[in-house]
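Raw data.pdb, PDB, C-alpha atoms:
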ATOM      1  CA  MET M   1     -18.519 -10.052 -23.376
ATOM      2  CA  SER M   2     -17.780  -6.572 -22.031
ATOM      3  CA  LEU M   3     -15.891  -5.875 -18.835
ATOM      4  CA  GLU M   4     -19.021  -4.352 -17.305
ATOM      5  CA  LEU M   5     -20.986  -7.560 -17.908
ATOM      6  CA  ILE M   6     -18.164  -9.634 -16.437
ATOM      7  CA  GLN M   7     -18.095  -7.448 -13.330
ATOM      8  CA  LEU M   8     -21.871  -7.739 -12.997
ATOM      9  CA  PHE M   9     -21.556 -11.522 -13.344
ATOM     10  CA  VAL M  10     -18.842 -11.543 -10.663
ATOM     11  CA  LEU M  11     -21.052  -9.544  -8.290
ATOM     12  CA  ILE M  12     -24.182 -11.646  -8.791
ATOM     13  CA  PHE M  13     -23.180 -15.287  -9.237
ATOM     14  CA  PRO M  14     -20.589 -15.958  -6.491
ATOM     15  CA  PRO M  15     -23.078 -15.105  -3.693
ATOM     16  CA  ILE M  16     -25.708 -17.285  -5.385
ATOM     17  CA  LEU M  17     -23.226 -20.166  -5.696
ATOM     18  CA  TYR M  18     -22.161 -19.667  -2.067
ATOM     19  CA  ALA M  19     -25.793 -19.784  -0.934
ATOM     20  CA  GLY M  20     -26.304 -22.943  -2.986
ATOM     21  CA  LEU M  21     -23.302 -24.566  -1.309
ATOM     22  CA  ALA M  22     -24.576 -23.518   2.108
ATOM     23  CA  LEU M  23     -28.015 -24.985   1.390
ATOM     24  CA  LEU M  24     -26.484 -28.200   0.089
ATOM     25  CA  ILE M  25     -23.941 -28.669   2.889
ATOM     26  CA  ARG M  26     -26.025 -27.157   5.737
ATOM     27  CA  PRO M  27     -23.166 -26.074   7.982
ATOM     28  CA  PRO M  28     -23.773 -24.563  11.419
ATOM     29  CA  ARG M  29     -24.051 -20.784  11.585
ATOM     30  CA  LYS M  30     -20.582 -20.581  13.164
ATOM     31  CA  VAL M  31     -19.033 -22.233  10.085
ATOM     32  CA  ILE M  32     -20.811 -19.814   7.767
ATOM     33  CA  ASP M  33     -19.520 -16.854   9.778
ATOM     34  CA  LEU M  34     -15.965 -18.189   9.918
ATOM     35  CA  SER M  35     -15.922 -19.022   6.212
ATOM     36  CA  PHE M  36     -16.127 -15.335   5.331
ATOM     37  CA  ILE M  37     -12.955 -14.626   7.309
ATOM     38  CA  ALA M  38     -11.176 -17.356   5.334
ATOM     39  CA  GLY M  39     -12.684 -15.927   2.153
ATOM     40  CA  PHE M  40     -11.482 -12.406   2.919
ATOM     41  CA  LEU M  41      -7.972 -13.716   3.486
ATOM     42  CA  MET M  42      -7.999 -15.671   0.232
ATOM     43  CA  GLY M  43      -9.333 -12.726  -1.785
ATOM     44  CA  SER M  44      -6.687 -10.443  -0.259
ATOM     45  CA  LEU M  45      -3.893 -12.898  -1.065
ATOM     46  CA  ASN M  46      -5.201 -13.174  -4.624
ATOM     47  CA  LEU M  47      -4.999  -9.387  -4.979
ATOM     48  CA  LEU M  48      -1.448  -9.344  -3.582
ATOM     49  CA  GLY M  49      -0.469 -12.225  -5.879
ATOM     50  CA  ASP M  50      -1.796 -10.430  -8.953
ATOM     51  CA  THR M  51       0.088  -7.279  -7.931
ATOM     52  CA  LEU M  52       3.312  -9.297  -7.582
ATOM     53  CA  ALA M  53       2.672 -11.037 -10.912
ATOM     54  CA  TYR M  54       2.233  -7.660 -12.618
ATOM     55  CA  SER M  55       5.501  -6.344 -11.168
ATOM     56  CA  GLN M  56       7.362  -9.485 -12.307
ATOM     57  CA  GLY M  57       5.785  -9.591 -15.773
ATOM     58  CA  TRP M  58       4.122 -12.970 -15.186
ATOM     59  CA  TRP M  59       0.647 -11.795 -16.153
ATOM     60  CA  HIS M  60      -1.499  -8.719 -16.324
ATOM     61  CA  TYR M  61      -5.033  -7.701 -17.156
ATOM     62  CA  PRO M  62      -5.127  -5.767 -20.437
ATOM     63  CA  PHE M  63      -8.417  -4.012 -19.726
ATOM     64  CA  THR M  64      -7.130  -2.027 -16.741
ATOM     65  CA  ASN M  65      -4.260   0.364 -16.070
ATOM     66  CA  ALA M  66      -3.974  -0.874 -12.488
ATOM     67  CA  ASN M  67      -1.484  -3.537 -11.447
ATOM     68  CA  HIS M  68      -4.368  -5.900 -10.652
ATOM     69  CA  ALA M  69      -7.822  -6.853 -11.866
ATOM     70  CA  PRO M  70     -10.907  -4.832 -10.879
ATOM     71  CA  LEU M  71     -11.700  -5.200  -7.175
ATOM     72  CA  THR M  72     -14.992  -6.910  -7.982
ATOM     73  CA  PHE M  73     -12.970  -9.895  -9.237
ATOM     74  CA  TYR M  74     -11.398 -10.324  -5.794
ATOM     75  CA  LEU M  75     -14.770  -9.997  -4.105
ATOM     76  CA  GLY M  76     -16.033 -12.880  -6.252
ATOM     77  CA  THR M  77     -12.910 -14.898  -5.404
ATOM     78  CA  ALA M  78     -13.380 -14.182  -1.699
ATOM     79  CA  VAL M  79     -17.045 -15.203  -1.666
ATOM     80  CA  PHE M  80     -17.053 -18.263  -3.921
ATOM     81  CA  TYR M  81     -13.555 -19.721  -3.832
ATOM     82  CA  GLY M  82     -12.483 -18.537  -0.381
ATOM     83  CA  ALA M  83     -15.653 -18.675   1.711
ATOM     84  CA  GLY M  84     -17.486 -21.229  -0.430
ATOM     85  CA  ILE M  85     -14.928 -23.770  -1.583
ATOM     86  CA  MET M  86     -12.115 -23.515   0.965
ATOM     87  CA  GLY M  87     -14.462 -22.496   3.796
ATOM     88  CA  LEU M  88     -17.698 -24.475   3.480
ATOM     89  CA  VAL M  89     -16.566 -27.301   1.227
ATOM     90  CA  GLY M  90     -13.262 -27.561   3.108
ATOM     91  CA  TRP M  91     -15.183 -27.858   6.386
ATOM     92  CA  TRP M  92     -17.512 -30.498   4.923
ATOM     93  CA  VAL M  93     -14.677 -32.493   3.338
ATOM     94  CA  ARG M  94     -12.744 -32.559   6.638
ATOM     95  CA  LYS M  95     -15.873 -33.582   8.519
ATOM     96  CA  ARG M  96     -16.790 -36.308   6.017
ATOM     97  CA  PHE M  97     -13.384 -37.639   4.891
ATOM     98  CA  GLY M  98     -10.948 -36.390   7.522
ATOM     99  CA  TRP M  99      -7.543 -34.974   6.729
ATOM    100  CA  ARG M 100      -7.168 -37.164   3.634
ATOM    101  CA  GLY M 101     -10.113 -35.366   2.087
ATOM    102  CA  GLY M 102      -8.624 -32.038   3.106
ATOM    103  CA  ALA M 103      -5.292 -32.986   1.520
ATOM    104  CA  PHE M 104      -7.098 -33.973  -1.691
ATOM    105  CA  LEU M 105      -8.882 -30.606  -1.764
ATOM    106  CA  LEU M 106      -5.580 -28.787  -1.220
ATOM    107  CA  ILE M 107      -4.053 -30.640  -4.176
ATOM    108  CA  ILE M 108      -6.978 -30.365  -6.582
ATOM    109  CA  PHE M 109      -7.760 -26.693  -5.838
ATOM    110  CA  PRO M 110      -4.643 -25.124  -7.434
ATOM    111  CA  LEU M 111      -4.984 -27.494 -10.400
ATOM    112  CA  TRP M 112      -8.519 -26.195 -10.923
ATOM    113  CA  GLY M 113      -7.290 -22.610 -10.486
ATOM    114  CA  ILE M 114      -4.630 -22.835 -13.167
ATOM    115  CA  LEU M 115      -7.015 -24.634 -15.528
ATOM    116  CA  ARG M 116      -9.610 -21.929 -14.931
ATOM    117  CA  ASP M 117      -7.142 -19.107 -15.515
ATOM    118  CA  PHE M 118      -5.459 -20.473 -18.631
ATOM    119  CA  GLY M 119      -8.599 -22.027 -20.078
ATOM    120  CA  GLY M 120     -10.781 -19.050 -19.266
ATOM    121  CA  SER M 121      -8.356 -16.562 -20.740
ATOM    122  CA  ALA M 122      -8.103 -18.657 -23.921
ATOM    123  CA  ILE M 123     -11.869 -18.847 -24.526
ATOM    124  CA  TYR M 124     -12.836 -15.403 -23.190
ATOM    125  CA  ASP M 125     -13.009 -13.719 -26.575
ATOM    126  CA  GLN M 126     -11.144 -14.203 -29.787
ATOM    127  CA  THR M 127     -10.559 -10.467 -30.210
ATOM    128  CA  GLN M 128      -9.262  -9.829 -26.716
ATOM    129  CA  THR M 129      -8.022 -11.790 -23.766
ATOM    130  CA  MET M 130      -8.841 -11.789 -20.083
ATOM    131  CA  ILE M 131      -5.242 -12.276 -18.948
ATOM    132  CA  VAL M 132      -2.043 -11.619 -20.865
ATOM    133  CA  TRP M 133       0.516 -14.234 -19.816
ATOM    134  CA  GLY M 134       4.272 -13.736 -19.688
ATOM    135  CA  LYS M 135       6.638 -16.016 -21.573
ATOM    136  CA  GLY M 136       7.895 -19.367 -20.335
ATOM    137  CA  TYR M 137       6.780 -21.703 -17.597
ATOM    138  CA  VAL M 138       7.253 -19.281 -14.666
ATOM    139  CA  PRO M 139       3.814 -17.610 -15.059
ATOM    140  CA  ALA M 140       2.077 -21.011 -14.959
ATOM    141  CA  LEU M 141       4.094 -22.062 -11.909
ATOM    142  CA  ALA M 142       3.402 -18.721 -10.195
ATOM    143  CA  ASP M 143      -0.329 -19.030 -10.925
ATOM    144  CA  PHE M 144      -0.352 -22.576  -9.530
ATOM    145  CA  LEU M 145       1.494 -21.441  -6.394
ATOM    146  CA  LEU M 146      -0.800 -18.446  -5.948
ATOM    147  CA  TRP M 147      -3.916 -20.640  -6.074
ATOM    148  CA  GLY M 148      -2.280 -23.229  -3.842
ATOM    149  CA  ASN M 149      -1.047 -20.775  -1.226
ATOM    150  CA  ALA M 150      -4.202 -18.652  -1.164
ATOM    151  CA  GLY M 151      -6.360 -21.787  -0.982
ATOM    152  CA  ALA M 152      -4.224 -23.302   1.781
ATOM    153  CA  ALA M 153      -4.323 -20.035   3.712
ATOM    154  CA  GLY M 154      -8.127 -20.018   3.529
ATOM    155  CA  PHE M 155      -8.360 -23.716   4.390
ATOM    156  CA  PHE M 156      -6.013 -23.601   7.388
ATOM    157  CA  THR M 157      -7.433 -20.299   8.605
ATOM    158  CA  MET M 158     -10.811 -22.010   8.686
ATOM    159  CA  VAL M 159      -9.344 -24.942  10.647
ATOM    160  CA  GLY M 160      -7.664 -22.584  13.119
ATOM    161  CA  LEU M 161     -10.743 -20.402  13.540
ATOM    162  CA  GLU M 162     -12.913 -23.440  14.203
ATOM    163  CA  LYS M 163     -10.556 -24.642  16.915
ATOM    164  CA  TRP M 164     -10.201 -21.167  18.394
ATOM    165  CA  SER M 165     -13.951 -20.492  18.412
ATOM    166  CA  GLY M 166     -14.623 -23.897  19.967
ATOM    167  CA  LYS M 167     -12.330 -23.052  22.881
ATOM    168  CA  HIS M 168     -13.727 -19.546  23.350
ATOM    169  CA  GLN M 169     -17.457 -20.166  23.381
ATOM    170  CA  GLU M 170     -19.394 -18.599  26.191
ATOM    171  CA  LYS M 171     -20.706 -21.089  28.695
ATOM    172  CA  ARG M 172     -24.389 -20.533  29.269
ATOM    173  CA  PRO M 173     -26.019 -21.569  32.533
TER     174      PRO M 173
END
Turn the structure described in the file into structure tokens.
Amino acid sequence: MSLELIQLFVLIFPPILYAGLALLIRPPRKVIDLSFIAGFLMGSLNLLGDTLAYSQGWWHYPFTNANHAPLTFYLGTAVFYGAGIMGLVGWWVRKRFGWRGGAFLLIIFPLWGILRDFGGSAIYDQTQTMIVWGKGYVPALADFLLWGNAGAAGFFTMVGLEKWSGKHQEKRP
């Protein structure tokens, strides 16, 4: 699959998946709005993490000369993983299962992220790879921590924004 097709996929499918989550979960409009703030934060942290990983030799993207993936990748991360999973699903899990459900999501999310990154880069194409990993266990640990920290930042930003917006609603007569 070419890089152009991957970028097109990343632009089309995350918003569709987000919309599917929103239709399934049916959150209030306020939660939808706030989820995009959490998503933006998570996408930004993912970009910063990839830049740090490049500078440390933990991983890099062989199809670009930049020190990070194409920006469309971070847009997809922001919309689906940040706004969708840590925003909408995180809100629903906390509402349905309380903080235990939230803790479970915070544990399972970085495990999924590292599986996605290592598994996806292994099956991407036999002639090329999506991500070139550095040697040793440090790249895997860094990838796990990046997913965990970015996910937690999105999750707890959502929690904080919900509390803040609840206290600052206009009172209507």
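Atom CA of Leu71 of chain M is positioned 20.7 Å from atom CA of Gly87 of chain M.
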Original post:
Which one of M:Leu145, M:Phe118, M:Gly84, M:Lys163 sits closest to Ala38 of chain M if you count all atoms listed in the file?
Top reply: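 Of all the options, M:Gly84 lies closest to Ala38 of chain M.
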**OP:** Quote the spacing between atom CA of Ala69 of chain M and atom CA of Leu5 of chain M in Å to one decimal place.
**Re:**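 One can read the atom CA of Ala69 of chain M to atom CA of Leu5 of chain M distance as 14.5 Å.
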**OP:** Apply the PyMOL selection byres ((chain M and resi 90) around 12) to the structure shown and report the selected residues as a PyMOL selection string.
**Re:** chain M and resi 21+25+27+31-32+34-35+38-39+81-89+91-106+108-109+151-159+162
**OP:** Enter the distance from atom CA of Gly20 of chain M to atom CA of Ile131 of chain M, in Å, rounded to one decimal.
**Re:** 28.5 Å
Test item: the PyMOL selection byres ((chain M and resi 77) around 8) resolved as an mmCIF file with C-alpha atoms, in the coordinates of the input:
data_model
loop_
_atom_site.group_PDB
_atom_site.id
_atom_site.type_symbol
_atom_site.label_atom_id
_atom_site.label_comp_id
_atom_site.auth_asym_id
_atom_site.auth_seq_id
_atom_site.Cartn_x
_atom_site.Cartn_y
_atom_site.Cartn_z
ATOM 1 C CA PRO M 14 -20.589 -15.958 -6.491
ATOM 2 C CA GLY M 39 -12.684 -15.927 2.153
ATOM 3 C CA MET M 42 -7.999 -15.671 0.232
ATOM 4 C CA GLY M 43 -9.333 -12.726 -1.785
ATOM 5 C CA ASN M 46 -5.201 -13.174 -4.624
ATOM 6 C CA PHE M 73 -12.970 -9.895 -9.237
ATOM 7 C CA TYR M 74 -11.398 -10.324 -5.794
ATOM 8 C CA LEU M 75 -14.770 -9.997 -4.105
ATOM 9 C CA GLY M 76 -16.033 -12.880 -6.252
ATOM 10 C CA ALA M 78 -13.380 -14.182 -1.699
ATOM 11 C CA VAL M 79 -17.045 -15.203 -1.666
ATOM 12 C CA PHE M 80 -17.053 -18.263 -3.921
ATOM 13 C CA TYR M 81 -13.555 -19.721 -3.832
ATOM 14 C CA GLY M 82 -12.483 -18.537 -0.381
#
**OP:** List, as JSON, numbers by chain, every residue that the PyMOL selection byres ((chain M and resi 68) around 10) selects in the file provided.
**Re:** {"M": [46, 47, 48, 49, 50, 51, 52, 53, 54, 55, 59, 60, 61, 62, 64, 65, 66, 67, 69, 70, 71, 73, 74]}
Generate a file of the selected residues that holds C-alpha atoms, formatted as a PDB file, keeping the file's coordinate frame.
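The result, written out as part22.pdb:
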ATOM      1  CA  ASN M  46      -5.201 -13.174  -4.624  1.00  0.00           C
ATOM      2  CA  LEU M  47      -4.999  -9.387  -4.979  1.00  0.00           C
ATOM      3  CA  LEU M  48      -1.448  -9.344  -3.582  1.00  0.00           C
ATOM      4  CA  GLY M  49      -0.469 -12.225  -5.879  1.00  0.00           C
ATOM      5  CA  ASP M  50      -1.796 -10.430  -8.953  1.00  0.00           C
ATOM      6  CA  THR M  51       0.088  -7.279  -7.931  1.00  0.00           C
ATOM      7  CA  LEU M  52       3.312  -9.297  -7.582  1.00  0.00           C
ATOM      8  CA  ALA M  53       2.672 -11.037 -10.912  1.00  0.00           C
ATOM      9  CA  TYR M  54       2.233  -7.660 -12.618  1.00  0.00           C
ATOM     10  CA  SER M  55       5.501  -6.344 -11.168  1.00  0.00           C
ATOM     11  CA  TRP M  59       0.647 -11.795 -16.153  1.00  0.00           C
ATOM     12  CA  HIS M  60      -1.499  -8.719 -16.324  1.00  0.00           C
ATOM     13  CA  TYR M  61      -5.033  -7.701 -17.156  1.00  0.00           C
ATOM     14  CA  PRO M  62      -5.127  -5.767 -20.437  1.00  0.00           C
ATOM     15  CA  THR M  64      -7.130  -2.027 -16.741  1.00  0.00           C
ATOM     16  CA  ASN M  65      -4.260   0.364 -16.070  1.00  0.00           C
ATOM     17  CA  ALA M  66      -3.974  -0.874 -12.488  1.00  0.00           C
ATOM     18  CA  ASN M  67      -1.484  -3.537 -11.447  1.00  0.00           C
ATOM     19  CA  ALA M  69      -7.822  -6.853 -11.866  1.00  0.00           C
ATOM     20  CA  PRO M  70     -10.907  -4.832 -10.879  1.00  0.00           C
ATOM     21  CA  LEU M  71     -11.700  -5.200  -7.175  1.00  0.00           C
ATOM     22  CA  PHE M  73     -12.970  -9.895  -9.237  1.00  0.00           C
ATOM     23  CA  TYR M  74     -11.398 -10.324  -5.794  1.00  0.00           C
TER      24      TYR M  74
END
Original post:
So, counting only C-alpha atoms, which residue among M:Ile37, M:Trp58, M:Glu4, M:Leu11 is closest to Gly136 of chain M?
Top reply: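 Of M:Ile37, M:Trp58, M:Glu4, M:Leu11, the one nearest Gly136 of chain M, counting only C-alpha atoms, is M:Trp58.
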Can you complete the atoms of segment 30-66 of chain M to N, CA and C atoms and list them as an mmCIF file, in the coordinates of the input?
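Output saved as result.cif:
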data_model
loop_
_atom_site.group_PDB
_atom_site.id
_atom_site.type_symbol
_atom_site.label_atom_id
_atom_site.label_comp_id
_atom_site.auth_asym_id
_atom_site.auth_seq_id
_atom_site.Cartn_x
_atom_site.Cartn_y
_atom_site.Cartn_z
ATOM 1 N N LYS M 30 -21.964 -20.922 12.830
ATOM 2 C CA LYS M 30 -20.582 -20.581 13.164
ATOM 3 C C LYS M 30 -19.660 -20.817 11.967
ATOM 4 N N VAL M 31 -19.866 -21.911 11.249
ATOM 5 C CA VAL M 31 -19.033 -22.233 10.085
ATOM 6 C C VAL M 31 -19.270 -21.222 8.973
ATOM 7 N N ILE M 32 -20.513 -20.832 8.776
ATOM 8 C CA ILE M 32 -20.811 -19.814 7.767
ATOM 9 C C ILE M 32 -20.093 -18.515 8.114
ATOM 10 N N ASP M 33 -20.188 -18.086 9.357
ATOM 11 C CA ASP M 33 -19.520 -16.854 9.778
ATOM 12 C C ASP M 33 -18.009 -16.938 9.579
ATOM 13 N N LEU M 34 -17.418 -18.031 10.017
ATOM 14 C CA LEU M 34 -15.965 -18.189 9.918
ATOM 15 C C LEU M 34 -15.500 -18.300 8.471
ATOM 16 N N SER M 35 -16.330 -18.850 7.606
ATOM 17 C CA SER M 35 -15.922 -19.022 6.212
ATOM 18 C C SER M 35 -15.657 -17.685 5.534
ATOM 19 N N PHE M 36 -16.353 -16.636 5.959
ATOM 20 C CA PHE M 36 -16.127 -15.335 5.331
ATOM 21 C C PHE M 36 -14.791 -14.723 5.748
ATOM 22 N N ILE M 37 -14.294 -15.071 6.914
ATOM 23 C CA ILE M 37 -12.955 -14.626 7.309
ATOM 24 C C ILE M 37 -11.921 -15.313 6.419
ATOM 25 N N ALA M 38 -12.075 -16.619 6.229
ATOM 26 C CA ALA M 38 -11.176 -17.356 5.334
ATOM 27 C C ALA M 38 -11.281 -16.815 3.911
ATOM 28 N N GLY M 39 -12.480 -16.485 3.492
ATOM 29 C CA GLY M 39 -12.684 -15.927 2.153
ATOM 30 C C GLY M 39 -12.019 -14.577 1.978
ATOM 31 N N PHE M 40 -12.127 -13.714 2.985
ATOM 32 C CA PHE M 40 -11.482 -12.406 2.919
ATOM 33 C C PHE M 40 -9.973 -12.558 2.789
ATOM 34 N N LEU M 41 -9.412 -13.476 3.561
ATOM 35 C CA LEU M 41 -7.972 -13.716 3.486
ATOM 36 C C LEU M 41 -7.587 -14.200 2.095
ATOM 37 N N MET M 42 -8.331 -15.139 1.548
ATOM 38 C CA MET M 42 -7.999 -15.671 0.232
ATOM 39 C C MET M 42 -8.126 -14.603 -0.855
ATOM 40 N N GLY M 43 -9.174 -13.804 -0.815
ATOM 41 C CA GLY M 43 -9.333 -12.726 -1.785
ATOM 42 C C GLY M 43 -8.211 -11.700 -1.688
ATOM 43 N N SER M 44 -7.791 -11.391 -0.465
ATOM 44 C CA SER M 44 -6.687 -10.443 -0.259
ATOM 45 C C SER M 44 -5.378 -11.001 -0.799
ATOM 46 N N LEU M 45 -5.117 -12.277 -0.548
ATOM 47 C CA LEU M 45 -3.893 -12.898 -1.065
ATOM 48 C C LEU M 45 -3.923 -12.967 -2.591
ATOM 49 N N ASN M 46 -5.079 -13.169 -3.170
ATOM 50 C CA ASN M 46 -5.201 -13.174 -4.624
ATOM 51 C C ASN M 46 -4.855 -11.803 -5.195
ATOM 52 N N LEU M 47 -5.326 -10.749 -4.560
ATOM 53 C CA LEU M 47 -4.999 -9.387 -4.979
ATOM 54 C C LEU M 47 -3.496 -9.131 -4.867
ATOM 55 N N LEU M 48 -2.893 -9.517 -3.755
ATOM 56 C CA LEU M 48 -1.448 -9.344 -3.582
ATOM 57 C C LEU M 48 -0.671 -10.166 -4.609
ATOM 58 N N GLY M 49 -1.133 -11.386 -4.880
ATOM 59 C CA GLY M 49 -0.469 -12.225 -5.879
ATOM 60 C C GLY M 49 -0.531 -11.632 -7.275
ATOM 61 N N ASP M 50 -1.680 -11.070 -7.646
ATOM 62 C CA ASP M 50 -1.796 -10.430 -8.953
ATOM 63 C C ASP M 50 -0.903 -9.192 -9.049
ATOM 64 N N THR M 51 -0.788 -8.450 -7.956
ATOM 65 C CA THR M 51 0.088 -7.279 -7.931
ATOM 66 C C THR M 51 1.545 -7.706 -8.110
ATOM 67 N N LEU M 52 1.956 -8.776 -7.422
ATOM 68 C CA LEU M 52 3.312 -9.297 -7.582
ATOM 69 C C LEU M 52 3.527 -9.802 -9.007
ATOM 70 N N ALA M 53 2.550 -10.514 -9.549
ATOM 71 C CA ALA M 53 2.672 -11.037 -10.912
ATOM 72 C C ALA M 53 2.840 -9.899 -11.920
ATOM 73 N N TYR M 54 2.110 -8.821 -11.729
ATOM 74 C CA TYR M 54 2.233 -7.660 -12.618
ATOM 75 C C TYR M 54 3.648 -7.084 -12.548
ATOM 76 N N SER M 55 4.161 -6.946 -11.328
ATOM 77 C CA SER M 55 5.501 -6.344 -11.168
ATOM 78 C C SER M 55 6.600 -7.243 -11.742
ATOM 79 N N GLN M 56 6.370 -8.544 -11.785
ATOM 80 C CA GLN M 56 7.362 -9.485 -12.307
ATOM 81 C C GLN M 56 7.155 -9.804 -13.795
ATOM 82 N N GLY M 57 6.065 -9.327 -14.366
ATOM 83 C CA GLY M 57 5.785 -9.591 -15.773
ATOM 84 C C GLY M 57 5.232 -10.979 -16.038
ATOM 85 N N TRP M 58 4.669 -11.624 -15.011
ATOM 86 C CA TRP M 58 4.122 -12.970 -15.186
ATOM 87 C C TRP M 58 2.771 -12.946 -15.875
ATOM 88 N N TRP M 59 1.932 -12.005 -15.484
ATOM 89 C CA TRP M 59 0.647 -11.795 -16.153
ATOM 90 C C TRP M 59 0.118 -10.426 -15.777
ATOM 91 N N HIS M 60 -0.802 -9.968 -16.614
ATOM 92 C CA HIS M 60 -1.499 -8.719 -16.324
ATOM 93 C C HIS M 60 -2.858 -8.739 -17.013
ATOM 94 N N TYR M 61 -3.683 -7.810 -16.617
ATOM 95 C CA TYR M 61 -5.033 -7.701 -17.156
ATOM 96 C C TYR M 61 -5.048 -6.541 -18.145
ATOM 97 N N PRO M 62 -5.271 -6.808 -19.426
ATOM 98 C CA PRO M 62 -5.127 -5.767 -20.437
ATOM 99 C C PRO M 62 -6.220 -4.698 -20.414
ATOM 100 N N PHE M 63 -7.292 -4.937 -19.726
ATOM 101 C CA PHE M 63 -8.417 -4.012 -19.726
ATOM 102 C C PHE M 63 -8.364 -3.006 -18.578
ATOM 103 N N THR M 64 -7.264 -2.983 -17.833
ATOM 104 C CA THR M 64 -7.130 -2.027 -16.741
ATOM 105 C C THR M 64 -5.709 -1.473 -16.714
ATOM 106 N N ASN M 65 -5.584 -0.244 -16.226
ATOM 107 C CA ASN M 65 -4.260 0.364 -16.070
ATOM 108 C C ASN M 65 -3.664 0.056 -14.705
ATOM 109 N N ALA M 66 -4.450 -0.536 -13.834
ATOM 110 C CA ALA M 66 -3.974 -0.874 -12.488
ATOM 111 C C ALA M 66 -3.065 -2.102 -12.569
#
